[in-house]
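Heads up, my_file_3.cif below (mmCIF, C-alpha atoms, pLDDT in the B column; chains and numbers go by the auth columns):
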```cif
data_final
#
loop_
_atom_site.group_PDB
_atom_site.id
_atom_site.type_symbol
_atom_site.label_atom_id
_atom_site.label_comp_id
_atom_site.label_asym_id
_atom_site.label_seq_id
_atom_site.Cartn_x
_atom_site.Cartn_y
_atom_site.Cartn_z
_atom_site.B_iso_or_equiv
_atom_site.auth_seq_id
_atom_site.auth_asym_id
ATOM 1 C CA MET A 1 94.724 67.134 84.533 93.00 25 F
ATOM 2 C CA TYR A 2 93.542 69.731 87.094 98.00 26 F
ATOM 3 C CA ILE A 3 94.497 69.833 90.769 98.00 27 F
ATOM 4 C CA TYR A 4 92.487 72.043 93.166 98.00 28 F
ATOM 5 C CA LEU A 5 94.115 73.273 96.379 98.00 29 F
ATOM 6 C CA TYR A 6 91.388 74.233 98.890 98.00 30 F
ATOM 7 C CA ASP A 7 92.240 76.507 101.796 97.00 31 F
ATOM 8 C CA ASN A 8 91.351 75.040 105.181 94.00 32 F
ATOM 9 C CA PHE A 9 88.910 77.902 105.986 96.00 33 F
ATOM 10 C CA LEU A 10 86.592 76.593 103.247 97.00 34 F
ATOM 11 C CA ARG A 11 85.571 73.779 105.613 96.00 35 F
ATOM 12 C CA GLN A 12 83.256 76.307 107.291 97.00 36 F
ATOM 13 C CA LYS A 13 79.606 75.494 106.658 97.00 37 F
ATOM 14 C CA LYS A 14 78.832 78.960 105.274 97.00 38 F
ATOM 15 C CA TYR A 15 80.892 78.168 102.175 98.00 39 F
ATOM 16 C CA ASP A 16 79.247 74.796 101.443 98.00 40 F
ATOM 17 C CA SER A 17 76.671 76.002 98.918 97.00 41 F
ATOM 18 C CA GLU A 18 79.144 78.149 96.999 98.00 42 F
ATOM 19 C CA ILE A 19 81.703 75.340 96.859 98.00 43 F
ATOM 20 C CA ARG A 20 79.062 72.913 95.565 98.00 44 F
ATOM 21 C CA ALA A 21 77.959 75.406 92.903 98.00 45 F
ATOM 22 C CA MET A 22 81.555 75.875 91.772 98.00 46 F
ATOM 23 C CA GLU A 23 82.198 72.153 91.608 98.00 47 F
ATOM 24 C CA VAL A 24 79.065 71.667 89.486 98.00 48 F
ATOM 25 C CA ARG A 25 80.180 74.443 87.115 98.00 49 F
ATOM 26 C CA LEU A 26 83.658 72.922 86.820 98.00 50 F
ATOM 27 C CA THR A 27 82.129 69.519 86.042 98.00 51 F
ATOM 28 C CA ASP A 28 79.942 71.107 83.352 98.00 52 F
ATOM 29 C CA TYR A 29 83.079 72.530 81.741 98.00 53 F
ATOM 30 C CA GLY A 30 84.841 69.175 82.009 98.00 54 F
ATOM 31 C CA ILE A 31 87.657 70.559 84.158 98.00 55 F
ATOM 32 C CA ALA A 32 86.848 69.033 87.543 97.00 56 F
ATOM 33 C CA GLY A 33 89.857 67.382 89.145 97.00 57 F
ATOM 34 C CA LYS A 34 91.578 66.119 92.249 97.00 58 F
ATOM 35 C CA ILE A 35 90.925 68.133 95.425 97.00 59 F
ATOM 36 C CA LEU A 36 93.625 68.594 98.056 97.00 60 F
ATOM 37 C CA ARG A 37 93.192 70.572 101.281 95.00 61 F
ATOM 38 C CA LEU A 38 95.857 72.929 102.582 93.00 62 F
ATOM 39 C CA THR A 39 96.989 73.538 106.142 86.00 63 F
ATOM 40 C CA ASN A 40 99.776 75.708 107.553 77.00 64 F
ATOM 41 C CA TYR A 41 101.907 72.610 107.971 79.00 65 F
ATOM 42 C CA ILE A 42 101.707 71.402 104.360 82.00 66 F
ATOM 43 C CA ASP A 43 104.506 72.241 101.923 88.00 67 F
ATOM 44 C CA ALA A 44 102.604 73.452 98.861 91.00 68 F
ATOM 45 C CA LYS A 45 105.633 73.106 96.604 93.00 69 F
ATOM 46 C CA GLN A 46 106.159 69.469 97.537 94.00 70 F
ATOM 47 C CA ILE A 47 102.501 68.672 96.903 95.00 71 F
ATOM 48 C CA ILE A 48 102.511 70.401 93.531 97.00 72 F
ATOM 49 C CA ASP A 49 105.794 68.810 92.449 96.00 73 F
ATOM 50 C CA ASP A 50 104.404 65.368 93.332 96.00 74 F
ATOM 51 C CA GLU A 51 101.201 65.996 91.386 97.00 75 F
ATOM 52 C CA ILE A 52 103.121 67.279 88.349 97.00 76 F
ATOM 53 C CA LYS A 53 105.059 63.983 88.343 97.00 77 F
ATOM 54 C CA ARG A 54 101.683 62.213 88.265 96.00 78 F
ATOM 55 C CA GLY A 55 100.609 64.220 85.225 96.00 79 F
ATOM 56 C CA ALA A 56 99.044 67.413 86.598 97.00 80 F
ATOM 57 C CA LYS A 57 99.182 70.337 84.151 96.00 81 F
ATOM 58 C CA THR A 58 97.051 72.964 85.930 98.00 82 F
ATOM 59 C CA VAL A 59 97.043 73.783 89.669 98.00 83 F
ATOM 60 C CA VAL A 60 94.106 75.873 90.886 98.00 84 F
ATOM 61 C CA ILE A 61 94.278 77.798 94.165 98.00 85 F
ATOM 62 C CA VAL A 62 90.883 78.022 95.882 98.00 86 F
ATOM 63 C CA GLY A 63 90.558 80.633 98.645 98.00 87 F
ATOM 64 C CA ASN A 64 91.547 84.266 99.187 96.00 88 F
ATOM 65 C CA ASP A 65 94.586 86.584 99.130 93.00 89 F
ATOM 66 C CA HIS A 66 96.215 84.673 101.977 91.00 90 F
ATOM 67 C CA THR A 67 95.755 81.345 100.171 94.00 91 F
ATOM 68 C CA PHE A 68 97.183 82.786 96.975 94.00 92 F
ATOM 69 C CA GLY A 69 100.291 84.101 98.721 91.00 93 F
ATOM 70 C CA HIS A 70 100.724 80.995 100.884 89.00 94 F
ATOM 71 C CA VAL A 71 100.846 78.709 97.850 94.00 95 F
ATOM 72 C CA LEU A 72 102.769 80.812 95.357 92.00 96 F
ATOM 73 C CA SER A 73 105.408 82.125 97.759 88.00 97 F
ATOM 74 C CA ARG A 74 106.508 78.503 97.985 88.00 98 F
ATOM 75 C CA ALA A 75 105.557 77.085 94.601 93.00 99 F
ATOM 76 C CA ALA A 76 106.111 80.020 92.228 91.00 100 F
ATOM 77 C CA THR A 77 108.791 78.163 90.271 89.00 101 F
ATOM 78 C CA CYS A 78 106.783 74.960 89.705 94.00 102 F
ATOM 79 C CA GLU A 79 106.434 74.025 86.025 94.00 103 F
ATOM 80 C CA CYS A 80 102.661 74.214 85.602 97.00 104 F
ATOM 81 C CA VAL A 81 99.806 76.583 84.824 98.00 105 F
ATOM 82 C CA PHE A 82 98.193 78.191 87.882 98.00 106 F
ATOM 83 C CA GLY A 83 94.548 79.162 88.220 98.00 107 F
ATOM 84 C CA PHE A 84 92.698 80.970 90.999 98.00 108 F
ATOM 85 C CA LEU A 85 89.131 80.556 92.256 98.00 109 F
ATOM 86 C CA PRO A 86 88.585 83.350 94.822 98.00 110 F
ATOM 87 C CA ILE A 87 85.953 82.789 97.511 97.00 111 F
ATOM 88 C CA GLY A 88 84.817 84.993 100.380 91.00 112 F
ATOM 89 C CA PRO A 89 86.279 88.288 101.653 91.00 113 F
ATOM 90 C CA ASP A 90 89.889 89.496 101.438 92.00 114 F
ATOM 91 C CA ASN A 91 90.212 89.039 97.682 94.00 115 F
ATOM 92 C CA THR A 92 92.014 92.112 96.360 89.00 116 F
ATOM 93 C CA ILE A 93 94.332 90.064 94.123 92.00 117 F
ATOM 94 C CA ALA A 94 91.363 88.617 92.221 94.00 118 F
ATOM 95 C CA LYS A 95 90.415 92.115 91.078 91.00 119 F
ATOM 96 C CA VAL A 96 93.915 92.739 89.744 90.00 120 F
ATOM 97 C CA LEU A 97 93.827 89.420 87.876 94.00 121 F
ATOM 98 C CA GLY A 98 90.380 90.190 86.452 95.00 122 F
ATOM 99 C CA ILE A 99 88.818 87.139 88.129 97.00 123 F
ATOM 100 C CA PRO A 100 85.316 87.476 89.653 97.00 124 F
ATOM 101 C CA VAL A 101 84.814 86.208 93.195 97.00 125 F
ATOM 102 C CA GLY A 102 82.654 83.092 93.417 97.00 126 F
ATOM 103 C CA VAL A 103 81.130 80.849 90.765 98.00 127 F
ATOM 104 C CA GLY A 104 81.939 83.260 87.928 98.00 128 F
ATOM 105 C CA ALA A 105 85.634 82.487 88.435 98.00 129 F
ATOM 106 C CA CYS A 106 85.005 79.037 86.934 98.00 130 F
ATOM 107 C CA ASP A 107 84.112 80.702 83.614 98.00 131 F
ATOM 108 C CA THR A 108 87.437 82.556 83.634 98.00 132 F
ATOM 109 C CA LEU A 109 89.332 79.363 84.433 98.00 133 F
ATOM 110 C CA ALA A 110 87.622 77.486 81.601 98.00 134 F
ATOM 111 C CA LYS A 111 88.633 80.131 79.044 97.00 135 F
ATOM 112 C CA ARG A 112 92.326 79.649 79.967 97.00 136 F
ATOM 113 C CA ARG A 113 93.454 83.142 79.041 97.00 137 F
ATOM 114 C CA ARG A 114 97.035 83.140 80.317 96.00 138 F
ATOM 115 C CA GLU A 115 99.663 85.727 81.232 93.00 139 F
ATOM 116 C CA LYS A 116 103.158 85.550 82.702 92.00 140 F
ATOM 117 C CA LEU A 117 103.341 87.204 86.142 90.00 141 F
ATOM 118 C CA ASP A 118 106.375 88.665 87.880 88.00 142 F
ATOM 119 C CA ILE A 119 107.727 87.103 91.066 90.00 143 F
ATOM 120 C CA GLY A 120 109.386 89.093 93.844 91.00 144 F
ATOM 121 C CA TRP A 121 112.443 87.786 95.685 93.00 145 F
ATOM 122 C CA MET A 122 113.619 88.754 99.159 93.00 146 F
ATOM 123 C CA ASN A 123 116.399 87.229 101.252 91.00 147 F
ATOM 124 C CA ASN A 124 116.305 83.876 99.448 83.00 148 F
ATOM 125 C CA ARG A 125 112.527 83.421 99.385 87.00 149 F
ATOM 126 C CA TYR A 126 109.798 84.444 96.976 91.00 150 F
ATOM 127 C CA PHE A 127 106.797 86.700 97.376 92.00 151 F
ATOM 128 C CA VAL A 128 104.010 87.200 94.871 90.00 152 F
ATOM 129 C CA SER A 129 101.454 89.603 96.270 87.00 153 F
ATOM 130 C CA ARG A 130 102.996 92.174 98.629 88.00 154 F
ATOM 131 C CA LEU A 131 105.794 92.808 101.127 93.00 155 F
ATOM 132 C CA GLN A 132 105.363 95.245 104.009 94.00 156 F
ATOM 133 C CA VAL A 133 107.635 96.744 106.648 96.00 157 F
ATOM 134 C CA PRO A 134 105.467 98.335 109.371 95.00 158 F
ATOM 135 C CA PRO A 135 106.702 101.710 110.719 94.00 159 F
ATOM 136 C CA ALA A 136 110.336 101.290 111.776 95.00 160 F
ATOM 137 C CA LYS A 137 113.656 103.143 111.812 94.00 161 F
ATOM 138 C CA VAL A 138 114.952 102.030 108.440 96.00 162 F
ATOM 139 C CA LYS A 139 116.508 103.451 105.296 95.00 163 F
ATOM 140 C CA VAL A 140 115.919 102.320 101.702 95.00 164 F
ATOM 141 C CA ILE A 141 118.667 102.039 99.083 95.00 165 F
ATOM 142 C CA TYR A 142 117.407 102.007 95.473 88.00 166 F
ATOM 143 C CA ASP A 143 119.313 100.182 92.737 81.00 167 F
ATOM 144 C CA GLY A 144 122.509 100.936 94.661 81.00 168 F
ATOM 145 C CA LYS A 145 122.280 104.571 93.543 83.00 169 F
ATOM 146 C CA PHE A 146 120.383 106.650 96.102 89.00 170 F
ATOM 147 C CA THR A 147 119.044 106.370 99.637 93.00 171 F
ATOM 148 C CA VAL A 148 115.713 107.389 101.180 92.00 172 F
ATOM 149 C CA SER A 149 115.408 107.836 104.939 91.00 173 F
ATOM 150 C CA ALA A 150 113.200 109.628 107.475 88.00 174 F
ATOM 151 C CA ASN A 151 113.851 111.613 110.618 86.00 175 F
ATOM 152 C CA ASP A 152 112.047 108.982 112.669 88.00 176 F
ATOM 153 C CA LEU A 153 109.851 106.064 111.569 92.00 177 F
ATOM 154 C CA MET A 154 109.057 104.993 108.018 94.00 178 F
ATOM 155 C CA GLU A 155 106.635 102.453 106.536 94.00 179 F
ATOM 156 C CA VAL A 156 107.620 100.583 103.359 95.00 180 F
ATOM 157 C CA VAL A 157 105.236 98.576 101.158 92.00 181 F
ATOM 158 C CA VAL A 158 106.456 96.738 98.048 92.00 182 F
ATOM 159 C CA CYS A 159 103.665 95.741 95.663 86.00 183 F
ATOM 160 C CA ASN A 160 103.743 93.070 93.024 86.00 184 F
ATOM 161 C CA LEU A 161 100.156 91.900 92.486 83.00 185 F
ATOM 162 C CA GLN A 162 98.321 93.077 95.579 79.00 186 F
ATOM 163 C CA PRO A 163 97.214 96.744 95.578 71.00 187 F
ATOM 164 C CA PHE A 164 98.246 99.175 98.301 71.00 188 F
ATOM 165 C CA TYR A 165 95.405 100.772 100.270 70.00 189 F
ATOM 166 C CA TYR A 166 95.988 103.669 102.612 66.00 190 F
ATOM 167 C CA LYS A 167 94.390 106.616 104.381 63.00 191 F
ATOM 168 C CA SER A 168 96.046 109.988 104.847 59.00 192 F
ATOM 169 C CA THR A 169 95.056 109.959 108.533 57.00 193 F
ATOM 170 C CA LYS A 170 93.328 107.520 110.856 58.00 194 F
ATOM 171 C CA LYS A 171 90.216 109.710 110.774 60.00 195 F
ATOM 172 C CA ASP A 172 90.212 109.968 106.977 59.00 196 F
ATOM 173 C CA SER A 173 87.055 108.355 105.549 56.00 197 F
ATOM 174 C CA ASN A 174 88.467 108.112 102.011 57.00 198 F
ATOM 175 C CA GLN A 175 90.640 105.077 101.337 57.00 199 F
ATOM 176 C CA GLN A 176 93.206 105.508 98.571 58.00 200 F
ATOM 177 C CA GLU A 177 94.054 102.613 96.255 59.00 201 F
ATOM 178 C CA VAL A 178 97.163 102.232 94.119 55.00 202 F
ATOM 179 C CA HIS A 179 97.461 99.374 91.633 54.00 203 F
ATOM 180 C CA PRO A 180 100.921 97.969 90.965 53.00 204 F
ATOM 181 C CA GLN A 181 102.138 98.063 87.383 51.00 205 F
ATOM 182 C CA ASP A 182 103.491 95.117 85.428 57.00 206 F
ATOM 183 C CA GLY A 183 107.198 94.786 84.661 66.00 207 F
ATOM 184 C CA LYS A 184 108.705 96.286 87.831 75.00 208 F
ATOM 185 C CA LEU A 185 108.133 96.129 91.537 84.00 209 F
ATOM 186 C CA GLU A 186 106.901 99.329 93.159 83.00 210 F
ATOM 187 C CA ALA A 187 107.762 100.609 96.620 89.00 211 F
ATOM 188 C CA PHE A 188 105.436 102.933 98.539 89.00 212 F
ATOM 189 C CA ILE A 189 107.227 104.836 101.297 92.00 213 F
ATOM 190 C CA ARG A 190 105.394 106.730 104.036 90.00 214 F
ATOM 191 C CA PRO A 191 107.418 108.629 106.663 92.00 215 F
ATOM 192 C CA LEU A 192 105.729 109.240 110.008 88.00 216 F
ATOM 193 C CA THR A 193 105.853 112.652 111.630 83.00 217 F
ATOM 194 C CA LYS A 194 105.831 112.650 115.410 79.00 218 F
ATOM 195 C CA LYS A 195 103.079 114.683 117.047 71.00 219 F
ATOM 196 C CA ARG A 196 104.013 117.252 119.639 67.00 220 F
ATOM 197 C CA PHE A 197 102.758 115.262 122.625 68.00 221 F
ATOM 198 C CA TRP A 198 101.995 111.699 121.531 72.00 222 F
ATOM 199 C CA GLY A 199 101.583 109.442 118.518 76.00 223 F
ATOM 200 C CA TYR A 200 102.451 109.936 114.869 81.00 224 F
ATOM 201 C CA ASN A 201 100.891 111.238 111.661 83.00 225 F
ATOM 202 C CA TYR A 202 101.437 109.499 108.330 81.00 226 F
ATOM 203 C CA GLU A 203 102.722 111.617 105.464 84.00 227 F
ATOM 204 C CA SER A 204 101.518 111.028 101.884 81.00 228 F
ATOM 205 C CA PRO A 205 103.318 108.058 100.303 83.00 229 F
ATOM 206 C CA SER A 206 105.996 108.426 97.655 86.00 230 F
ATOM 207 C CA VAL A 207 106.076 105.827 94.855 84.00 231 F
ATOM 208 C CA PHE A 208 109.359 104.394 93.540 84.00 232 F
ATOM 209 C CA PRO A 209 109.411 101.743 90.769 83.00 233 F
ATOM 210 C CA PHE A 210 112.617 99.723 91.058 85.00 234 F
ATOM 211 C CA GLU A 211 114.503 96.644 89.952 83.00 235 F
ATOM 212 C CA GLU A 212 116.502 96.084 93.135 90.00 236 F
ATOM 213 C CA MET A 213 116.559 97.678 96.556 93.00 237 F
ATOM 214 C CA GLU A 214 117.679 97.134 100.133 96.00 238 F
ATOM 215 C CA ILE A 215 115.921 98.016 103.369 97.00 239 F
ATOM 216 C CA VAL A 216 118.389 98.448 106.222 96.00 240 F
ATOM 217 C CA GLY A 217 117.721 99.032 109.922 96.00 241 F
ATOM 218 C CA ASP A 218 119.903 99.853 112.926 89.00 242 F
ATOM 219 C CA SER A 219 118.047 97.080 114.763 95.00 243 F
ATOM 220 C CA ALA A 220 115.802 94.186 113.747 97.00 244 F
ATOM 221 C CA PHE A 221 112.515 95.175 112.107 97.00 245 F
ATOM 222 C CA ALA A 222 109.412 93.207 111.092 97.00 246 F
ATOM 223 C CA VAL A 223 108.886 92.149 107.473 97.00 247 F
ATOM 224 C CA GLU A 224 105.621 90.590 106.289 94.00 248 F
ATOM 225 C CA ALA A 225 105.578 88.944 102.860 92.00 249 F
ATOM 226 C CA ASP A 226 102.591 86.947 101.597 88.00 250 F
ATOM 227 C CA GLY A 227 101.318 86.477 105.145 81.00 251 F
ATOM 228 C CA LYS A 228 104.633 85.294 106.632 86.00 252 F
ATOM 229 C CA THR A 229 106.335 87.582 109.170 91.00 253 F
ATOM 230 C CA SER A 230 110.032 87.560 110.043 93.00 254 F
ATOM 231 C CA LYS A 231 112.559 89.802 111.799 96.00 255 F
ATOM 232 C CA GLU A 232 115.379 91.178 109.670 96.00 256 F
ATOM 233 C CA ILE A 233 118.307 93.603 109.905 96.00 257 F
ATOM 234 C CA LYS A 234 118.635 93.948 106.131 96.00 258 F
ATOM 235 C CA VAL A 235 116.309 92.921 103.319 96.00 259 F
ATOM 236 C CA LYS A 236 117.359 92.714 99.675 95.00 260 F
ATOM 237 C CA ILE A 237 114.418 92.818 97.259 95.00 261 F
ATOM 238 C CA LYS A 238 114.329 92.339 93.506 92.00 262 F
ATOM 239 C CA LEU A 239 112.437 90.680 90.682 87.00 263 F
ATOM 240 C CA ALA A 240 113.060 86.955 90.366 89.00 264 F
ATOM 241 C CA HIS A 241 114.206 85.581 87.018 85.00 265 F
ATOM 242 C CA GLY A 242 111.233 83.268 86.540 86.00 266 F
ATOM 243 C CA LYS A 243 107.573 84.071 86.006 90.00 267 F
ATOM 244 C CA ILE A 244 104.264 82.470 86.966 94.00 268 F
ATOM 245 C CA ASP A 245 102.061 81.118 84.160 96.00 269 F
ATOM 246 C CA MET A 246 98.629 82.246 85.408 96.00 270 F
ATOM 247 C CA VAL A 247 95.076 82.041 84.056 98.00 271 F
ATOM 248 C CA VAL A 248 93.659 85.589 84.147 96.00 272 F
ATOM 249 C CA GLY A 249 90.471 87.404 83.199 97.00 273 F
ATOM 250 C CA ARG A 250 89.814 89.812 80.381 94.00 274 F
ATOM 251 C CA ASP A 251 89.434 92.724 82.819 91.00 275 F
ATOM 252 C CA ARG A 252 92.820 92.288 84.480 90.00 276 F
ATOM 253 C CA LYS A 253 94.598 95.471 85.657 83.00 277 F
ATOM 254 C CA PHE A 254 97.829 94.953 83.699 79.00 278 F
#
```

Structure re-expressed in structure tokens:
Amino acid sequence: MYIYLYDNFLRQKKYDSEIRAMEVRLTDYGIAGKILRLTNYIDAKQIIDDEIKRGAKTVVIVGNDHTFGHVLSRAATCECVFGFLPIGPDNTIAKVLGIPVGVGACDTLAKRRREKLDIGWMNNRYFVSRLQVPPAKVKVIYDGKFTVSANDLMEVVVCNLQPFYYKSTKKDSNQQEVHPQDGKLEAFIRPLTKKRFWGYNYESPSVFPFEEMEIVGDSAFAVEADGKTSKEIKVKIKLAHGKIDMVVGRDRKF
């Protein structure tokens, strides 16, 4: 039994034709199922747990990167197979998973090629795609062995599934892309160098694969994980023990 979780933005008229085409393709494959619509106020884990009790075996997330993170940051430990049908812009995770955006994703779902995906854990909650600390006065402690700090501000990005995109400077026309690797989380650290009169320049990022690390600040700093932002003084990050059973494409990046 398949359950499809539609993001609320798919109610927009511009997605109607693509949604209809996908639903027809799913029916042709014999994997159409119950459709549920998400909002910011719905507990995805509770919905999925209830549907599993009713016999659901596969839960399919329909939307974009934000939808993917919103659902799995809450429901990563649910005992089911997850699928993903990416629609519209902001779909960098789909590329990593080897899933085409749009109707072609139905073909990938029907083939049910599955892989176990790592789950990140931070301060008693999960994250699946990416965690980011915007430029702040923080230091990073890796595996309890060594510390990285900057003279002033430092940006920290921890990647699990979602790639890290960056530019060397604001005026740089070339965007760099780094794909996370399977098996460990990766932290990308970019110190900021203060200009003589105003503003900052980003330095090139350093990459540190790790199993556990802490980000510590002298004062509260912002942390964004899977679209949810909080203020923290200290963040402990590591791989969770469980894994996500996910339908992926042949051209996945791991």

Just the residues within 6 Å of region 120-131 of chain F, please, counting all atoms listed in the file, with nothing from its chain fewer than 3 positions along; format it as a PyMOL selection string. chain F and resi 46+109-111+117+134+272-273+275-277

At a cut-off of 8 Å, using all atoms listed in the file, what residues contact region 207-217 of chain F? Leave out same-chain residues fewer than 6 positions from it and give the result as a count of residues only. 27

For each of F:Pro113, F:Gly107, F:Gly251, F:Gly223, take the minimum atom-to-atom distance to Thr132 (chain F), counting only C-alpha atoms, then give the residue where this is smallest.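 Closest residue, counting only C-alpha atoms: F:Gly107.
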
As a list of chain:residue names, please: the residues near region 252-260 of chain F (cut-off 9 Å, all atoms listed in the file, same-chain neighbours under 5 positions excluded). F:His94, F:Trp145, F:Met146, F:Asn147, F:Asn148, F:Glu236, F:Met237, F:Glu238, F:Ile239, F:Val240, F:Gly241, F:Asp242, F:Ser243, F:Ala244, F:Phe245, F:Ala246, F:Val247

Grab the residues selected above and save them as an mmCIF file, in the frame of the given file with C-alpha atoms.
```
data_model
loop_
_atom_site.group_PDB
_atom_site.id
_atom_site.type_symbol
_atom_site.label_atom_id
_atom_site.label_comp_id
_atom_site.auth_asym_id
_atom_site.auth_seq_id
_atom_site.Cartn_x
_atom_site.Cartn_y
_atom_site.Cartn_z
ATOM 1 C CA HIS F 94 100.724 80.995 100.884
ATOM 2 C CA TRP F 145 112.443 87.786 95.685
ATOM 3 C CA MET F 146 113.619 88.754 99.159
ATOM 4 C CA ASN F 147 116.399 87.229 101.252
ATOM 5 C CA ASN F 148 116.305 83.876 99.448
ATOM 6 C CA GLU F 236 116.502 96.084 93.135
ATOM 7 C CA MET F 237 116.559 97.678 96.556
ATOM 8 C CA GLU F 238 117.679 97.134 100.133
ATOM 9 C CA ILE F 239 115.921 98.016 103.369
ATOM 10 C CA VAL F 240 118.389 98.448 106.222
ATOM 11 C CA GLY F 241 117.721 99.032 109.922
ATOM 12 C CA ASP F 242 119.903 99.853 112.926
ATOM 13 C CA SER F 243 118.047 97.080 114.763
ATOM 14 C CA ALA F 244 115.802 94.186 113.747
ATOM 15 C CA PHE F 245 112.515 95.175 112.107
ATOM 16 C CA ALA F 246 109.412 93.207 111.092
ATOM 17 C CA VAL F 247 108.886 92.149 107.473
#
```

Polymer residues at most 7 Å from region 71-77 of chain F, all atoms listed in the file, same-chain spacing of 4 or more positions, as a PDB file with C-alpha atoms, in the coordinates of the input:
```
ATOM      1  CA  ASP F  67     104.506  72.241 101.923  1.00 88.00           C
ATOM      2  CA  LYS F  81      99.182  70.337  84.151  1.00 96.00           C
ATOM      3  CA  CYS F 102     106.783  74.960  89.705  1.00 94.00           C
TER       4      CYS F 102
END
```
